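Structure record follows, encoded as structure tokens.
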Amino acid sequence: MQHYSMNLKLKVWRQKNSNDNGHFENYDVNNISSEMSFLEMIDVLNERLISEGSDSIAFDHDCREGICGMCSMVINGQPHGPWKGTTTCQLHMRAFKDGDQITIEPFRANAFPVVKDLMVNRSAFDRIIQSGGYVSVNTGNAVDGNSLPIEKQHADDAFYAAACIGCGACVAACKNASAMLFVSAKVSHLALLPQGEPERKQRVVSMVAQMDKEGFGSCTNTYACEAECPKEISVLNIARLNREYLNANLSGN
Amino acid sequence: MLDAKIPAGKLDEKWTKYKGTVKLVNPANKRKLEIIVVGTGLAGSSAAASLGEMGYKVKAFCFQDSPRRAHSIAAQGGINAAKNYQNDGDSVYRLFYDTIKGGDYRAREGNVHRLAEVSTSIIDQCVAQGVPFAREYGGLLSNRSFGGTQVQRTFYAAGQTGQQLLIGAYQALERQVALGTVEMHARHEMVELVIIDGKARGIIARNLVTGELERHFAHAVLLCTGGYGNVFYLSTNAMGSNVTAAWKAHKKGAYFANPCFTQIHPTCIPVSGDHQSKLTLMSESLRNDGRIWVPAKQGDNRPANEIPEEERDYYLERRYPAFGNLVPRDVASRAAKERCDAGFGVGSSKQAVYLDYAAAIQRYGKAEVSKKNLGNVSAEVITNLGKDVVKEKYGNLFAMYEKITGENPYEVPMRIYPAVHYTMGGLWVDYELKTTIDGLYALGEANFSEHGANRLGASALMQGLADGYFVIPYTLGNYLADDIRTTSIPTDHPAFVEAEQKAFDRINKLMSIQGKQTVESFHKRLGKIIWDKCGMARSAEGLKQAIEEVRALKAEFWSDVRIPGEINAMNQELDKAGRVADFIELGELMCIDALERNESCGGHFREEYQTPEGEALRDDEGHMYVSAWEHQESHWNLHKEPLNYEVVKPSQRSYK
């Protein structure tokens with residue numbers, strides 16, 4: 001792999017707090033190595049800003065290995081940037097070339113208010129889980145793990161749905177700011193497993209109600225969510241959610 | 001004298017007897033008792049959920065924006081349990097024995113046996129929650145092997161086991177939030193511990209969004225705040241992982257145990273340059289199928305695929321034929337360092353070895369051909385079938401490697417090098433997980449207990465969940481049963497006022513320095529000192545230098561750090577500054593501990609103490625104890641908790 005160095009023009013969203021209107025600032029960053037991660041490039045800029053006496057750019061990040069779901073950002077119009085199936089923290093600078101202009105914004109959605117700069121409040125997702133995204137089993141209630149065989153295909157499908165990292169890119173990608181991919185991934189994960197069966201109907205009804213209450217928009221099947229999802233969660237989960245929801249309502253739940 | 005309060009009696013009866021005789025709190029009283037849980041990883045989430053289910057009033061805190069982000073989520077490989085589903089000779093005793101031996105005989109027998117006992121219930125609980133573990137075609141749970149063992153007892157969910165287990169615990173936690181038994185405070189960081197009449201009675205937390213300091217009362221405080229690997233700056237820990245809560249407790253009287261016992265994980269992606277902000281682990285499960293090698297000739301610069309088989313040195317298989325590539329982490333890491341130091345390293349930095357999947361791809365490919373009865377097929381078909389199998393088992397890890405390095409690990413061997421990954425040391429706790437401060441408990445990686453001087457793979461998840469789901473629900477009641485008459489203490493109590501003032505003064509002091517150097521630059525310098533002199537190999541001379549250097553760095557930090565922004569607003573640099581200030585103090589204690597321990601054991605390798613073959617040379621006569629450090633104004637006092645082995649006979653660890 002050939003490494004190179006580049007100079008870039010950044011256009012970054014700055015917003016002091018949730019009450020501030022916010023605006024774009026332009027920054028030049030030079031001598032960025034293609035081996036750096038995208039967030040390391042922002043680290044370099046932040047170190048410079050601090051040395052110059054200004055406030056660093058606030059952004060969410062933690063594991064920097066694509067699994068905690070904390071990092072966000074819309075990079076050149078795409079949540080988590082240009083690489084398919086990749087979180088912002090795993091995006092590397094070899095995705096860009098010398099002289100590029102990069103626009104960096106927070107996830108935009110009414111249900112995700114901006115906290116500061118590139119950081120948003122995604123606690124709506126926690127409240128959706130609170131409304132039913134679990135199996136009601138207290139510690140100590142369990143039977144032996146192998147007492148109930150689960151068809152491998154179902155277990156695998158449940159796992160692929162459960163791989164959602166709750167980052168909110170699906171919401172940011174959707175023109176309606178719909179949270180259907182997130183909600184359907186959780187509904188699918190639990191509906192596919194026998195352990196989720198007893199609460200199956202109540203769960204989907206409650207979670208959808210909470211999603212609506214949080215102010216997420218409707219799903220109009222554009223599949224932008226699937227295209228931008230860093231974990232490539234399938235829109236088939238949305239189809240499954242619709243079936244589950246219909247079924248629950250038909251049976252009077 | 002430190003009393004670990006290990007119950008008397010036979011090893012395999014201790015926990016059962018303890019549970020049968022421990023004091024209980026009746027349901028009506030539980031509703032009146034408040035508990036603070038700091039940290040929401042596996043230990044914290046499972047504890048908060050379980051205690052909420054039992055009826056206690058719980059407040060949980062995490063610095064991330066959601067409890068689901070805690071760093072347990074990044075654990076890849078798996079979780080051990082003595083289920084013996086594979087009928088390969090596993091048992092509670094074997095898991096106990098492997099863990100004691102893997103820890104190089106520096107852990108307590110009683111604690112480790114309890115861990116092995118409850119391991120099986122953890123799997124059952126997680127399955128019941130809907131954790132989608134990997135399964136076989138028959139629908140039953142699948143297992144794989146991990147380092148330091150000869151049985152298959154590791155349960156997994158692809159390379160995302162930590163994620164799935166944490167989501168299980170997180171969902172259980174959110175269910176309690178919905179039921180009103182747990183109050184969740186995300187984006188909050190504990191900055192002081194409140195002690196009243198010798199008992200932990202609450203915390204001061206900083207709201208990271210507004211900068212406000214908040215007072216929170218509780219009858220007991222549980223620290224589930226993870227490890228301190230970020231003292232090295234570069235580690236596989238998350239960027240926010242820190243020691244601050246534990247360190248505040250330490251400075252208020254909780255002893256810190258075995259701080260020098262840190263784990264360097266053998267298979268991480270090597271450092272690529274000065275810009276590096278963190279390191280990424282490649283799961284130990286990759287050593288199941290991958291073969292580790294370096295060129296047999298020093299300074300061989302040919303690309304890996306051009307080096308013929310007979311000119312490769314599979315040094316782990318050569319040195320440790322019985323365990324081969326599956327030796328414990330400390331052994332594998334040191335062996336990699338030894339080869340690189342001797343000039344056999346690969347890649348541009350020469351600080352890397354190869355982890356090669358070519359043989360595994362061929363082996364799996366041929367197995368598929370025979371399984372599918374395909375008869376005579378071309379080499380290409382075999383390779384492609386083999387790649388598919390490897391992809392199913394390790395696909396996400398291979399993809400992650402490719403994203404970071406830009407190289408395709410299905411075609412060329414991965415380059416790996418050891419990196420800081422886990423800390424066995426932590427707050428000293430007794431059998432009940434209680435620290436030396438009454439009412440203050442430490443769970444999971446934040447405590448020091450079950451892994452001795454080296455943790456085996458897939459045991460961290462096991463311990464975190466054991467502590468949270470199955471240990472603390474029993475042991476906490478034993479303390480709270482005597483506290484049922486204590487009503488909530490109002491937070492205008494002088495102890496709360498004083499603790500808040502202390503936190504406020506420190507923040508003000510940090511902000512008022514207005515020096516020239518960034519927090520990050522201090523953290524990097526600290527990391528380099530600790531990595532160079534208290535990392536994979538340590539010497540008395542180096543450690544003495546390191547202590548001086550860390551002290552000088554501390555003075556420089558407190559006179560020249562520059563923190564922009566405001567106090568009463570979100571300020572990520574200020575958050576970081578508080579954490580780095582604590583890491584600097586811990587760094588000094590780590591070196592002091594490493595200097596005091598005149599032996600090599602597990603992850604602690606003192607160059608002066610090694611066998612002729614270069615293996616760790618323990619000194620059981622002189623050092624079979626837990627080092628528990630008591631903080632004083634200008635120094636630390638050492639307390640030794642002797643380790644008594646009644647069942648296992650400590651011997652030189654051999655993986656040959």
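Just remember, in the structure tokens the first chain shown is A, the second B, etc., residues are 1-based per chain, and ligands are 1-based in the order shown.
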Contact residues around region 43-53 of chain A with only C-alpha atoms at 9 Å, ignoring same-chain residues under 3 positions, as a PyMOL selection string: (chain A and resi 27-29+32+38-40+56-57) or (chain B and resi 275+277+516-518+520-521+562-564)
Suppose we keep C-alpha atoms; can you now write the selection as a PDB file, in the first residue's frame?
ATOM      1  CA  TYR A  27     -10.144  25.161   8.372  1.00  0.00           C
ATOM      2  CA  ASP A  28      -7.070  24.206   6.355  1.00  0.00           C
ATOM      3  CA  VAL A  29      -5.275  21.109   7.539  1.00  0.00           C
ATOM      4  CA  ILE A  32      -2.236  14.625   6.716  1.00  0.00           C
ATOM      5  CA  PHE A  38     -10.486  10.297   9.958  1.00  0.00           C
ATOM      6  CA  LEU A  39     -10.811  11.044  13.668  1.00  0.00           C
ATOM      7  CA  GLU A  40      -7.039  11.210  14.029  1.00  0.00           C
ATOM      8  CA  SER A  56     -11.584  22.340  20.116  1.00  0.00           C
ATOM      9  CA  ILE A  57     -14.283  20.741  17.957  1.00  0.00           C
TER      10      ILE A  57
ATOM     11  CA  HIS B 275      -0.550  10.188  14.757  1.00  0.00           C
ATOM     12  CA  SER B 277      -4.553   7.518  18.829  1.00  0.00           C
ATOM     13  CA  LYS B 516       1.374  25.976  26.682  1.00  0.00           C
ATOM     14  CA  GLN B 517       1.060  22.226  26.281  1.00  0.00           C
ATOM     15  CA  THR B 518      -2.048  20.218  25.421  1.00  0.00           C
ATOM     16  CA  GLU B 520      -2.906  15.010  24.748  1.00  0.00           C
ATOM     17  CA  SER B 521       0.808  15.774  24.584  1.00  0.00           C
ATOM     18  CA  ARG B 562      -3.471  24.286  28.525  1.00  0.00           C
ATOM     19  CA  ILE B 563      -7.207  23.658  28.637  1.00  0.00           C
ATOM     20  CA  PRO B 564      -9.467  25.786  26.442  1.00  0.00           C
TER      21      PRO B 564
END
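Within 6 Å of chain B, chain A contributes the residues A:Asp55, A:Asp62, A:Cys63, A:Cys68, A:Gln130, A:Tyr134, A:Val135, A:Thr139, A:Ala142, A:Asp144, A:Gly145, A:Asn146, A:Pro149, A:Ile150, A:Glu151, A:Lys152, A:Ala155, A:Phe159, A:Gln195, using only C-alpha atoms.
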Based on the selection just made, write N, CA and C atoms of those residues as an mmCIF file, in the first residue's frame.
data_model
loop_
_atom_site.group_PDB
_atom_site.id
_atom_site.type_symbol
_atom_site.label_atom_id
_atom_site.label_comp_id
_atom_site.auth_asym_id
_atom_site.auth_seq_id
_atom_site.Cartn_x
_atom_site.Cartn_y
_atom_site.Cartn_z
ATOM 1 N N ASP A 55 -11.328 27.011 21.001
ATOM 2 C CA ASP A 55 -12.021 25.840 21.526
ATOM 3 C C ASP A 55 -11.926 24.699 20.518
ATOM 4 N N ASP A 62 -15.571 6.841 20.975
ATOM 5 C CA ASP A 62 -15.025 6.154 22.135
ATOM 6 C C ASP A 62 -14.148 4.976 21.736
ATOM 7 N N CYS A 63 -14.751 3.885 21.219
ATOM 8 C CA CYS A 63 -13.926 2.683 21.011
ATOM 9 C C CYS A 63 -12.943 2.846 19.860
ATOM 10 N N CYS A 68 -18.771 0.527 19.225
ATOM 11 C CA CYS A 68 -19.533 1.105 20.344
ATOM 12 C C CYS A 68 -20.688 1.960 19.843
ATOM 13 N N GLN A 130 -36.325 0.976 26.129
ATOM 14 C CA GLN A 130 -37.077 0.883 27.390
ATOM 15 C C GLN A 130 -38.534 0.489 27.162
ATOM 16 N N TYR A 134 -36.490 -5.855 24.978
ATOM 17 C CA TYR A 134 -35.804 -6.793 25.878
ATOM 18 C C TYR A 134 -36.665 -8.021 26.067
ATOM 19 N N VAL A 135 -36.071 -9.030 26.724
ATOM 20 C CA VAL A 135 -36.840 -10.189 27.169
ATOM 21 C C VAL A 135 -36.996 -10.021 28.673
ATOM 22 N N THR A 139 -32.562 -12.046 36.551
ATOM 23 C CA THR A 139 -31.359 -12.829 36.792
ATOM 24 C C THR A 139 -31.709 -14.024 37.675
ATOM 25 N N ALA A 142 -33.139 -18.416 34.534
ATOM 26 C CA ALA A 142 -32.896 -19.108 33.270
ATOM 27 C C ALA A 142 -32.818 -20.625 33.408
ATOM 28 N N ASP A 144 -31.256 -24.243 31.422
ATOM 29 C CA ASP A 144 -29.989 -24.553 30.765
ATOM 30 C C ASP A 144 -29.964 -24.027 29.331
ATOM 31 N N GLY A 145 -28.835 -23.454 28.952
ATOM 32 C CA GLY A 145 -28.698 -22.793 27.655
ATOM 33 C C GLY A 145 -28.975 -23.703 26.467
ATOM 34 N N ASN A 146 -28.779 -24.999 26.641
ATOM 35 C CA ASN A 146 -28.991 -25.938 25.530
ATOM 36 C C ASN A 146 -30.333 -26.650 25.619
ATOM 37 N N PRO A 149 -33.106 -25.970 21.598
ATOM 38 C CA PRO A 149 -32.314 -25.795 20.375
ATOM 39 C C PRO A 149 -32.951 -24.717 19.491
ATOM 40 N N ILE A 150 -32.114 -23.926 18.833
ATOM 41 C CA ILE A 150 -32.616 -22.880 17.941
ATOM 42 C C ILE A 150 -32.043 -23.131 16.555
ATOM 43 N N GLU A 151 -32.895 -23.180 15.570
ATOM 44 C CA GLU A 151 -32.459 -23.412 14.196
ATOM 45 C C GLU A 151 -31.338 -22.438 13.866
ATOM 46 N N LYS A 152 -30.274 -22.976 13.295
ATOM 47 C CA LYS A 152 -29.089 -22.143 13.057
ATOM 48 C C LYS A 152 -29.426 -20.902 12.234
ATOM 49 N N ALA A 155 -30.969 -18.334 14.441
ATOM 50 C CA ALA A 155 -29.964 -17.771 15.355
ATOM 51 C C ALA A 155 -29.066 -16.798 14.599
ATOM 52 N N PHE A 159 -28.731 -12.786 15.054
ATOM 53 C CA PHE A 159 -27.432 -12.159 15.295
ATOM 54 C C PHE A 159 -27.184 -10.996 14.332
ATOM 55 N N GLN A 195 -36.946 -17.177 22.835
ATOM 56 C CA GLN A 195 -36.976 -16.444 24.108
ATOM 57 C C GLN A 195 -37.798 -15.160 24.003
#
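Within 12 Å of Asn26 (chain B), once only C-alpha atoms are used and residues closer than 6 positions along the same chain are dropped, the contacting residues are B:Lys32, B:Leu33, B:Met54, B:Gly55, B:Tyr56, B:Gly477, B:Asn478, B:Leu480, B:Ala481, B:Asp482, B:Ile484.
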Generate the output file for the selected residues, N, CA and C atoms, as a CSV table (one decimal), in the first residue's frame.
chain,number,residue,atom,x,y,z
B,32,LYS,N,-36.2,0.7,50.3
B,32,LYS,CA,-35.7,1.9,50.9
B,32,LYS,C,-34.2,2.1,50.8
B,33,LEU,N,-33.5,1.1,50.2
B,33,LEU,CA,-32.1,1.2,50.2
B,33,LEU,C,-31.6,1.6,48.8
B,54,MET,N,-34.2,-6.9,42.0
B,54,MET,CA,-34.4,-7.4,43.4
B,54,MET,C,-35.2,-6.4,44.2
B,55,GLY,N,-35.3,-5.2,43.7
B,55,GLY,CA,-36.1,-4.2,44.4
B,55,GLY,C,-35.4,-3.0,45.0
B,56,TYR,N,-34.0,-3.0,44.9
B,56,TYR,CA,-33.3,-1.9,45.4
B,56,TYR,C,-33.5,-0.6,44.5
B,477,GLY,N,-26.1,-7.7,50.0
B,477,GLY,CA,-27.2,-7.8,51.0
B,477,GLY,C,-26.6,-8.0,52.4
B,478,ASN,N,-25.5,-8.7,52.4
B,478,ASN,CA,-24.8,-9.0,53.7
B,478,ASN,C,-24.4,-7.7,54.4
B,480,LEU,N,-25.8,-4.5,53.5
B,480,LEU,CA,-27.0,-3.7,53.6
B,480,LEU,C,-28.0,-4.1,54.7
B,481,ALA,N,-27.9,-5.4,55.0
B,481,ALA,CA,-28.8,-5.9,56.1
B,481,ALA,C,-28.6,-5.2,57.4
B,482,ASP,N,-27.4,-4.7,57.6
B,482,ASP,CA,-27.1,-4.0,58.9
B,482,ASP,C,-27.4,-2.5,58.7
B,484,ILE,N,-30.3,-1.2,57.3
B,484,ILE,CA,-31.7,-0.9,57.0
B,484,ILE,C,-32.3,0.3,57.8
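Distance annotation: of A:Ile128, A:Cys225, A:Leu241, A:Leu236, the residue with the minimal separation from Val171 (chain A) is A:Cys225; atom set is only C-alpha atoms.
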Backbone-only DSSP, alpha helix (DSSP H) members of region 368-550 of chain B, as a PyMOL selection string: chain B and resi 368-371+379-405+460-465+472-480+494-513+519-534+540-550
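The closest residue to Ala48 (chain B), picked from B:Glu633, B:Glu607, B:Glu13, B:Glu183 and counting only C-alpha atoms, is B:Glu183.
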